[in-house]
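**Student:** Structure provided below as structure tokens; questions to follow.
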Amino acid sequence: VNIADSVTSISNSAFTYCTRLEQIVMPDNITYIGAKAFDGCTKLSSVKLSGNLQTIGYHAFLDCAELCSINIPKSLTNVNNFYDYLGYGPFEGCANLKIVEFESGVTTIPDYLFDSCTGLEEITIPSTVTSIGRDAFGYCTNLKTIY
């Protein structure tokens with residue numbers, strides 16, 4: 001899916017259970033991805049997030065089992081959790097997500113961003129980061145390397 005340049009947000013559940021969706025390329029105009037926007041897209045393996053993404057909703061990529069790496073833009077500052085104390089992270093259930101890189105300039109890693117990404121093995125955090133949120137990498141039981 002190539003999303004048009006005129007799109008600025010992706011609403012809640014917009015592509016939920018599109019089980020054959022494999023790749024998404026987002027234009028830099030997108031600043032918001034809603035809750036469960038790509039929930040259950042089990043074949044999704046490649047995502048290019050918008051360079052201006054500011055907010056991502058809870059479970060936005062829940063159970064995207066084939067997603068193996070993601071680059072987080074410096075503009076991302078907010079993760080909307082369903083209930084703050086439950087911490088439904090946007091990438092929860094992405095069992096094959098192994099590598100996460102944060103763009104240089106990222107200052108904050110939001111709460112629950114990669115909570116329960118059990119396959120996550122490696123993260124690269126730039127020196128510009130000054131704050132890592134609650135359970136940002138909670139229950140990442142296979143995390144081996146942090147750069």
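So you can find residues: chains in the structure tokens are A, B, ... in the order shown, residues in each start at 1, and ligands are numbered from 1 in order.
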Please provide the set of residues having any atom within 6 Å of Ile146 in chain A, restricted to only C-alpha atoms, with same-chain residues fewer than 5 positions apart removed, written as a PyMOL selection string.
**Tutor:** chain A and resi 122-124
**Student:** Find the residues near Gln54 in chain A: any atom within 8 Å, counting only C-alpha atoms, skip ones fewer than 3 places away on the same chain, and give them as a compact mmCIF listing (two decimals) with C-alpha atoms, in the first residue's frame.
**Tutor:**
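New file selection23.txt:
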# COMPACT_ATOMS: atom_id res chain seq x y z
CA THR A 31 1.29 12.78 11.80
CA TYR A 32 -1.19 10.38 13.43
CA SER A 75 8.99 13.38 15.54
CA LEU A 76 7.22 10.57 17.46
CA THR A 77 6.50 11.88 20.94
CA ASN A 78 3.20 10.34 21.97
**Student:** Here is a test: counting only C-alpha atoms, which residue of A:Ala4, A:Val25, A:Ile10, A:Ala35 is nearest to Pro90 in chain A?
**Tutor:**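 For Pro90 in chain A, the nearest of the candidates is A:Ala35.
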**Student:** Which residues in range 9-79 of chain A does DSSP call strand (DSSP E or B)? List them as a VMD selection string.
**Tutor:** chain A and resid 9 to 10 23 to 25 32 to 33 46 to 48 55 to 57 69 to 72 78 to 79
**Student:** Grab the residues selected above and save them as an mmCIF file, in the first residue's frame with C-alpha atoms.
**Tutor:**
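selection38.cif, freshly written:
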data_model
loop_
_atom_site.group_PDB
_atom_site.id
_atom_site.type_symbol
_atom_site.label_atom_id
_atom_site.label_comp_id
_atom_site.auth_asym_id
_atom_site.auth_seq_id
_atom_site.Cartn_x
_atom_site.Cartn_y
_atom_site.Cartn_z
ATOM 1 C CA SER A 9 -3.828 10.681 9.527
ATOM 2 C CA ILE A 10 -4.782 7.026 9.591
ATOM 3 C CA GLN A 23 4.147 -3.491 2.803
ATOM 4 C CA ILE A 24 3.205 0.089 3.717
ATOM 5 C CA VAL A 25 4.909 3.278 2.546
ATOM 6 C CA TYR A 32 -1.187 10.377 13.426
ATOM 7 C CA ILE A 33 -1.804 6.620 13.325
ATOM 8 C CA SER A 46 7.783 -3.824 5.837
ATOM 9 C CA VAL A 47 6.643 -0.440 7.152
ATOM 10 C CA LYS A 48 8.133 2.944 6.349
ATOM 11 C CA THR A 55 1.296 10.111 17.666
ATOM 12 C CA ILE A 56 0.638 6.405 17.410
ATOM 13 C CA GLY A 57 -2.354 4.671 18.984
ATOM 14 C CA SER A 69 12.446 -4.203 11.923
ATOM 15 C CA ILE A 70 11.259 -0.643 12.339
ATOM 16 C CA ASN A 71 12.843 2.816 12.370
ATOM 17 C CA ILE A 72 11.231 5.323 14.741
ATOM 18 C CA ASN A 78 3.202 10.343 21.972
ATOM 19 C CA VAL A 79 1.769 6.858 22.333
#
**Student:** Write out as a ChimeraX atom specification the residues lying within 10 Å of Ser45 in chain A, counting only C-alpha atoms and excluding same-chain residues fewer than 3 positions away.
**Tutor:** /A:21-24,41-42,64-70,96-97
